[in-house]
Amino acid sequence: MADEIRVRIAPSPTGFLHIGTARTALFNWLFARHNSGKFILRIEDTDLERSEKRFEDDILNGLKWLGLEWDEFYKQSDRIPIYSKYIQKLLEQGKAFHCYHTEEELEKEGREQLAKKGLQRHVCEYKNKDSSAPAHQGIIRLAVDENSKRKIKFNDTVRGDIEFEEKLLGDFSIAKDVETPLYNLAVVVDDYEMDISHVIRGEDHIANTPKQILLMEALGFEMPQFVHLPLILGEDRSKLSKRHGATSMIEYRKLGYLPEALMNFLGLLGFTPPDGKEILSASELIEAFDLVKVHKSGAIFDIKKLDWVNGEYIKKLSEAELVDKLSEFANSDNKDYIFKIMPLARERIKKLSDISEFSYFFQNPDYDKELLRWKSRSDEEVKKSLEEVEKIIEKLGTDEQGKLRNELDELGKKLEDRGLVYWPLRVALSGQKASPDPVDMAEILGKEKTLERVRVAKELVLA
RNA sequence: GGCCUCGUCGUCUAGCCUGGUCUAGGACGCAUCCCUUUCACGGAUGAAACACGGGUUCGAAUCCCGUCGAGGCUGCCA
């Protein structure tokens, strides 16, 4: 076996690339890059009935988007002859056998075992029969000693030593037929053939490990180092799954999360760098990454924290980059205009799609008359203020912020209330109770639109 | 039911291996205050956790045992 670090992820195209898979991929990738090893992507599509091209595309696109480029790529469906060879070998050696029980019989057995609170395992009576009989249709199982006293042991980098009793396993299935391997056989064969040094996967695979070890022994394969990552959980602390709306990575892109932010956030779900830094670039993550420091317990996916991380990355974006991205999300080609809005948006949005909150820069606002009222001021007072503001803007325009601000402040002093000046103007321009500074907005909108909106507001007060 | 894993603020976590420096630190979120024309930004402050019970020890979040709790697995899915 090579000394090189070789890791893989083996997503199945029966669903989108969700957070959990992405995090597993990330940890494999970080470990490979940290050790100058190879990161392998293997598509587990032997379940032809459930595998779909659109899911495969989603997985590939999601990984690419996150920046997790792979060094080698395989599809299980291309490797059927390889599995077949090993299945045949197991059969010939009598280590595996055909089981002729029907699914109904097996189901019934399972129910009875559960009812009797007995072991849930299938000890097959066909195990010791002559396997040289003609071509069979039955499922293929590995022959496991049901009376074994042995404990199957393995070391997990995160959890230490783990052991299972061999006799609890039963004769578990390894292939539907010689041409159709089942999961446990396929991974074992692939990991061996691909010379995988570390199997880094979710904690939900711990229970599969003893089966795989038995298979490795039967096939004479060397054991890789196992690393079981803690699960990523939903709000209710159960494994993140469809019922939590297991969203594809691509959805996060659509919402305006930055891939760098997602990688950063995911990297910290199950791992903490020694210095405790929270915002780390890909290369900093690679540098700091250490499997030994991976956490044991599951972590809830907290979108609020993701939002914060994403906001931090938005603040770090260059002006040009931000303008590009914002243009895309605002559906606008007018980059000069977006460029003006950008500084205001930058400190206010958590994700790019939040730019929709600034719709009033693109169309006239619609709002309730009452919103124009500053505190308990009368309609007349509000109208008076708007009239004065109108005059000032007619005179000065909106391009010279300093002057405009001075005049408006003067007006504020005159009216003995700055809010009376700025609040109605804000609402006139944005239709919102929370918005950027009115003078900033006026400059972006320009003299004409600003005056138009002030006049509309003036009319509205009287109505 | 059986097997396996896990258990520090609401959430992510530091500390645990190598007991004392932990009146348990940081971050997100939350609250209050400052700034202020609102929101955001920024600044300051605050509330908030060692699951429980035994044991070992001069001393336990840290070591041991038990209990409880949570999750995972228990497919002719992966």
# chains A, B, ... in the order shown; residues from 1 in each chain; ligands from 1
>>> interface_residues(of="chain B", to="chain A", cutoff="8 Å", atoms="only C-alpha atoms (C1' of nucleotides)", output="JSON, numbers by chain")
{"B": [1, 2, 3, 4, 5, 6, 11, 12, 13, 14, 26, 27, 28, 29, 37, 38, 39, 40, 41, 70, 71, 72, 73, 74, 76, 77, 78]}
>>> residues_around(residues="range 54-64 of chain A", least_positions_apart="5", cutoff="10 Å", atoms="only C-alpha atoms (C1' of nucleotides)", output="list in words")
Pro11, Ser12, Pro13, Thr14, Gly15, Phe16, Leu17, His18, Thr21, Ala22, Ala25, Leu26, Leu41, Ile43, Glu44, Asp45, Glu69, Trp70, Ser248, Met249, Ile250, Glu251, Tyr252, Arg253 and Pro259 of chain A
>>> residues_around(residues="U8 in chain B", least_positions_apart="4", cutoff="9 Å", atoms="only C-alpha atoms (C1' of nucleotides)", output="short mmCIF file (atom, residue, chain, number, x, y, z; two decimals) with N, CA and C atoms (P, O5', C5', C4', C3', O3' and C1' of nucleotides), in the first residue's frame")
data_model
loop_
_atom_site.label_atom_id
_atom_site.label_comp_id
_atom_site.auth_asym_id
_atom_site.auth_seq_id
_atom_site.Cartn_x
_atom_site.Cartn_y
_atom_site.Cartn_z
P U B 13 -20.00 22.04 17.39
"O5'" U B 13 -18.82 22.96 17.90
"C5'" U B 13 -18.09 22.67 19.06
"C4'" U B 13 -17.31 23.91 19.42
"C3'" U B 13 -16.34 23.73 20.57
"O3'" U B 13 -15.11 23.20 20.06
"C1'" U B 13 -17.59 25.71 20.90
P A B 24 -17.32 31.34 36.51
"O5'" A B 24 -16.30 30.26 35.93
"C5'" A B 24 -15.08 30.66 35.30
"C4'" A B 24 -14.88 29.87 34.03
"C3'" A B 24 -15.82 30.25 32.89
"O3'" A B 24 -15.32 31.33 32.15
"C1'" A B 24 -15.84 27.92 33.18
P A B 49 -26.41 29.66 33.44
"O5'" A B 49 -25.83 28.35 32.75
"C5'" A B 49 -26.73 27.32 32.33
"C4'" A B 49 -25.93 26.26 31.66
"C3'" A B 49 -24.92 25.54 32.54
"O3'" A B 49 -25.55 24.49 33.25
"C1'" A B 49 -23.89 26.16 30.50
P C B 50 -24.98 24.10 34.68
"O5'" C B 50 -23.55 23.53 34.31
"C5'" C B 50 -23.33 22.12 34.39
"C4'" C B 50 -22.49 21.73 33.21
"C3'" C B 50 -21.99 20.31 33.25
"O3'" C B 50 -22.27 19.72 31.98
"C1'" C B 50 -20.16 21.83 33.12
P A B 61 -15.87 20.63 39.24
"O5'" A B 61 -16.15 20.36 37.69
"C5'" A B 61 -17.43 19.94 37.24
"C4'" A B 61 -17.36 19.51 35.79
"C3'" A B 61 -16.28 18.48 35.51
"O3'" A B 61 -16.79 17.18 35.67
"C1'" A B 61 -16.10 20.29 33.98
#
>>> atom_distance(atom1="CA of Ile355 in chain A", atom2="CA of Arg405 in chain A")
26.0 Å
>>> select_by_dssp(residues="range 116-230 of chain A", states="alpha helix (DSSP H)", output="number ranges by chain")
A: 183-193, 209-219
>>> select_by_dssp(residues="range 114-159 of chain A", states="strand (DSSP E or B)", output="list in words")
Ile139, Ile140, Arg141, Leu142, Lys151, Ile152, Lys153, Phe154, Asn155 and Asp156 of chain A
>>> write_last_selection(atoms="N, CA and C atoms", output="compact mmCIF listing (two decimals), in the first residue's frame")
# COMPACT_ATOMS: atom_id res chain seq x y z
N ILE A 139 -30.41 -14.00 -3.52
CA ILE A 139 -29.48 -12.96 -3.10
C ILE A 139 -28.21 -13.58 -2.53
N ILE A 140 -27.13 -12.83 -2.62
CA ILE A 140 -25.86 -13.38 -2.15
C ILE A 140 -25.50 -12.80 -0.78
N ARG A 141 -25.17 -13.68 0.13
CA ARG A 141 -24.84 -13.25 1.49
C ARG A 141 -23.43 -13.69 1.87
N LEU A 142 -22.87 -12.98 2.81
CA LEU A 142 -21.58 -13.39 3.33
C LEU A 142 -21.86 -14.36 4.46
N LYS A 151 -15.04 -10.41 18.97
CA LYS A 151 -15.46 -9.02 18.83
C LYS A 151 -14.68 -8.41 17.67
N ILE A 152 -15.40 -7.76 16.80
CA ILE A 152 -14.74 -7.11 15.68
C ILE A 152 -14.32 -5.74 16.15
N LYS A 153 -13.03 -5.47 16.10
CA LYS A 153 -12.54 -4.20 16.63
C LYS A 153 -11.94 -3.32 15.55
N PHE A 154 -12.11 -2.07 15.72
CA PHE A 154 -11.40 -1.15 14.83
C PHE A 154 -11.14 0.15 15.56
N ASN A 155 -10.20 0.90 15.04
CA ASN A 155 -9.87 2.17 15.66
C ASN A 155 -10.45 3.30 14.82
N ASP A 156 -11.03 4.25 15.51
CA ASP A 156 -11.59 5.41 14.84
C ASP A 156 -10.80 6.63 15.31
>>> residues_around(residues="C65 in chain B", least_positions_apart="3", cutoff="12 Å", atoms="only C-alpha atoms (C1' of nucleotides)", output="PyMOL selection string")
chain B and resi 53-56
>>> write_last_selection(atoms="N, CA and C atoms (P, O5', C5', C4', C3', O3' and C1' of nucleotides)", output="PDB file, in the first residue's frame")
ATOM      1  P     G B  53     -26.977  15.853  41.432  1.00  0.00           P
ATOM      2  O5'   G B  53     -26.765  14.313  41.754  1.00  0.00           O
ATOM      3  C5'   G B  53     -27.859  13.541  42.238  1.00  0.00           C
ATOM      4  C4'   G B  53     -27.409  12.126  42.454  1.00  0.00           C
ATOM      5  C3'   G B  53     -26.084  11.973  43.176  1.00  0.00           C
ATOM      6  O3'   G B  53     -26.225  12.137  44.568  1.00  0.00           O
ATOM      7  C1'   G B  53     -26.141  10.505  41.325  1.00  0.00           C
ATOM      8  P     G B  54     -24.934  12.237  45.467  1.00  0.00           P
ATOM      9  O5'   G B  54     -24.571  10.690  45.582  1.00  0.00           O
ATOM     10  C5'   G B  54     -23.324  10.327  46.074  1.00  0.00           C
ATOM     11  C4'   G B  54     -22.990   8.931  45.608  1.00  0.00           C
ATOM     12  C3'   G B  54     -21.504   8.653  45.718  1.00  0.00           C
ATOM     13  O3'   G B  54     -21.173   8.304  47.040  1.00  0.00           O
ATOM     14  C1'   G B  54     -22.232   8.065  43.558  1.00  0.00           C
ATOM     15  P     G B  55     -20.052   9.177  47.743  1.00  0.00           P
ATOM     16  O5'   G B  55     -18.743   8.504  47.122  1.00  0.00           O
ATOM     17  C5'   G B  55     -18.627   7.084  47.178  1.00  0.00           C
ATOM     18  C4'   G B  55     -17.659   6.607  46.140  1.00  0.00           C
ATOM     19  C3'   G B  55     -16.254   7.168  46.251  1.00  0.00           C
ATOM     20  O3'   G B  55     -15.525   6.513  47.269  1.00  0.00           O
ATOM     21  C1'   G B  55     -16.927   7.148  43.985  1.00  0.00           C
ATOM     22  P     U B  56     -14.480   7.318  48.099  1.00  0.00           P
ATOM     23  O5'   U B  56     -13.294   7.485  47.051  1.00  0.00           O
ATOM     24  C5'   U B  56     -12.608   6.339  46.565  1.00  0.00           C
ATOM     25  C4'   U B  56     -11.554   6.769  45.571  1.00  0.00           C
ATOM     26  C3'   U B  56     -10.674   7.923  46.044  1.00  0.00           C
ATOM     27  O3'   U B  56      -9.617   7.451  46.878  1.00  0.00           O
ATOM     28  C1'   U B  56     -11.407   8.340  43.834  1.00  0.00           C
TER      29        U B  56
END
>>> decode(residues="chain B", atoms="C-alpha atoms (C1' of nucleotides)", output="PDB file, in the first residue's frame")
ATOM      1  C1'   G B   1     -36.380  -4.335  21.580  1.00  0.00           C
ATOM      2  C1'   G B   2     -30.948  -5.066  20.298  1.00  0.00           C
ATOM      3  C1'   C B   3     -26.260  -2.911  19.022  1.00  0.00           C
ATOM      4  C1'   C B   4     -23.309   1.521  18.630  1.00  0.00           C
ATOM      5  C1'   U B   5     -22.135   6.649  19.527  1.00  0.00           C
ATOM      6  C1'   C B   6     -22.618  11.106  22.056  1.00  0.00           C
ATOM      7  C1'   G B   7     -23.845  14.563  26.534  1.00  0.00           C
ATOM      8  C1'   U B   8     -20.140  22.412  28.708  1.00  0.00           C
ATOM      9  C1'   C B   9     -24.523  28.920  27.766  1.00  0.00           C
ATOM     10  C1'   G B  10     -30.646  28.919  23.172  1.00  0.00           C
ATOM     11  C1'   U B  11     -26.769  27.534  19.106  1.00  0.00           C
ATOM     12  C1'   C B  12     -21.404  26.575  17.533  1.00  0.00           C
ATOM     13  C1'   U B  13     -17.587  25.705  20.902  1.00  0.00           C
ATOM     14  C1'   A B  14     -12.515  26.381  24.372  1.00  0.00           C
ATOM     15  C1'   G B  15     -11.068  23.680  28.551  1.00  0.00           C
ATOM     16  C1'   C B  16     -11.121  17.264  29.491  1.00  0.00           C
ATOM     17  C1'   C B  17      -6.043  13.104  27.363  1.00  0.00           C
ATOM     18  C1'   U B  18      -1.472  15.469  31.124  1.00  0.00           C
ATOM     19  C1'   G B  19      -7.117  16.947  37.905  1.00  0.00           C
ATOM     20  C1'   G B  20      -5.830  22.940  41.111  1.00  0.00           C
ATOM     21  C1'   U B  21      -4.314  29.009  37.187  1.00  0.00           C
ATOM     22  C1'   C B  22     -12.352  27.693  35.680  1.00  0.00           C
ATOM     23  C1'   U B  23     -15.773  32.994  40.691  1.00  0.00           C
ATOM     24  C1'   A B  24     -15.842  27.918  33.176  1.00  0.00           C
ATOM     25  C1'   G B  25     -13.236  31.615  28.082  1.00  0.00           C
ATOM     26  C1'   G B  26     -14.727  32.953  22.910  1.00  0.00           C
ATOM     27  C1'   A B  27     -18.324  33.357  18.773  1.00  0.00           C
ATOM     28  C1'   C B  28     -23.504  33.613  16.776  1.00  0.00           C
ATOM     29  C1'   G B  29     -28.088  34.993  18.561  1.00  0.00           C
ATOM     30  C1'   C B  30     -30.649  37.833  22.400  1.00  0.00           C
ATOM     31  C1'   A B  31     -31.173  42.263  25.841  1.00  0.00           C
ATOM     32  C1'   U B  32     -29.667  47.175  27.483  1.00  0.00           C
ATOM     33  C1'   C B  33     -26.858  51.570  26.713  1.00  0.00           C
ATOM     34  C1'   C B  34     -23.822  54.940  23.520  1.00  0.00           C
ATOM     35  C1'   C B  35     -23.762  57.032  18.477  1.00  0.00           C
ATOM     36  C1'   U B  36     -28.339  58.849  15.917  1.00  0.00           C
ATOM     37  C1'   U B  37     -33.341  61.206  11.402  1.00  0.00           C
ATOM     38  C1'   U B  38     -34.987  55.163  11.181  1.00  0.00           C
ATOM     39  C1'   C B  39     -32.317  50.691  10.020  1.00  0.00           C
ATOM     40  C1'   A B  40     -27.570  48.850   9.539  1.00  0.00           C
ATOM     41  C1'   C B  41     -22.438  49.496  10.914  1.00  0.00           C
ATOM     42  C1'   G B  42     -19.336  50.547  15.079  1.00  0.00           C
ATOM     43  C1'   G B  43     -18.456  50.834  20.521  1.00  0.00           C
ATOM     44  C1'   A B  44     -19.747  49.332  25.650  1.00  0.00           C
ATOM     45  C1'   U B  45     -22.310  46.333  29.068  1.00  0.00           C
ATOM     46  C1'   G B  46     -25.345  42.211  30.457  1.00  0.00           C
ATOM     47  C1'   A B  47     -28.331  37.603  30.963  1.00  0.00           C
ATOM     48  C1'   A B  48     -27.012  32.666  29.681  1.00  0.00           C
ATOM     49  C1'   A B  49     -23.895  26.164  30.501  1.00  0.00           C
ATOM     50  C1'   C B  50     -20.158  21.826  33.118  1.00  0.00           C
ATOM     51  C1'   A B  51     -27.378  16.283  32.382  1.00  0.00           C
ATOM     52  C1'   C B  52     -27.999  13.713  37.297  1.00  0.00           C
ATOM     53  C1'   G B  53     -26.141  10.505  41.325  1.00  0.00           C
ATOM     54  C1'   G B  54     -22.232   8.065  43.558  1.00  0.00           C
ATOM     55  C1'   G B  55     -16.927   7.148  43.985  1.00  0.00           C
ATOM     56  C1'   U B  56     -11.407   8.340  43.834  1.00  0.00           C
ATOM     57  C1'   U B  57      -8.780  12.776  45.680  1.00  0.00           C
ATOM     58  C1'   C B  58      -6.607  17.758  50.049  1.00  0.00           C
ATOM     59  C1'   G B  59      -9.045  19.294  45.381  1.00  0.00           C
ATOM     60  C1'   A B  60     -13.115  17.022  39.591  1.00  0.00           C
ATOM     61  C1'   A B  61     -16.100  20.286  33.985  1.00  0.00           C
ATOM     62  C1'   U B  62     -11.619  17.304  33.841  1.00  0.00           C
ATOM     63  C1'   C B  63     -10.400  10.277  36.297  1.00  0.00           C
ATOM     64  C1'   C B  64     -13.906   5.737  37.512  1.00  0.00           C
ATOM     65  C1'   C B  65     -18.917   3.566  38.009  1.00  0.00           C
ATOM     66  C1'   G B  66     -24.070   3.971  37.508  1.00  0.00           C
ATOM     67  C1'   U B  67     -28.508   6.498  35.974  1.00  0.00           C
ATOM     68  C1'   C B  68     -30.971   9.496  32.730  1.00  0.00           C
ATOM     69  C1'   G B  69     -31.245  11.879  28.133  1.00  0.00           C
ATOM     70  C1'   A B  70     -30.273  12.507  22.867  1.00  0.00           C
ATOM     71  C1'   G B  71     -28.964  10.569  18.227  1.00  0.00           C
ATOM     72  C1'   G B  72     -27.496   6.738  14.709  1.00  0.00           C
ATOM     73  C1'   C B  73     -27.977   1.809  12.818  1.00  0.00           C
ATOM     74  C1'   U B  74     -31.059  -2.399  12.796  1.00  0.00           C
ATOM     75  C1'   G B  75     -33.017  -3.105   3.754  1.00  0.00           C
ATOM     76  C1'   C B  76     -32.554  -7.429  -1.871  1.00  0.00           C
ATOM     77  C1'   C B  77     -30.810   2.033  -0.173  1.00  0.00           C
ATOM     78  C1'   A B  78     -26.358   4.335   0.005  1.00  0.00           C
TER      79        A B  78
END
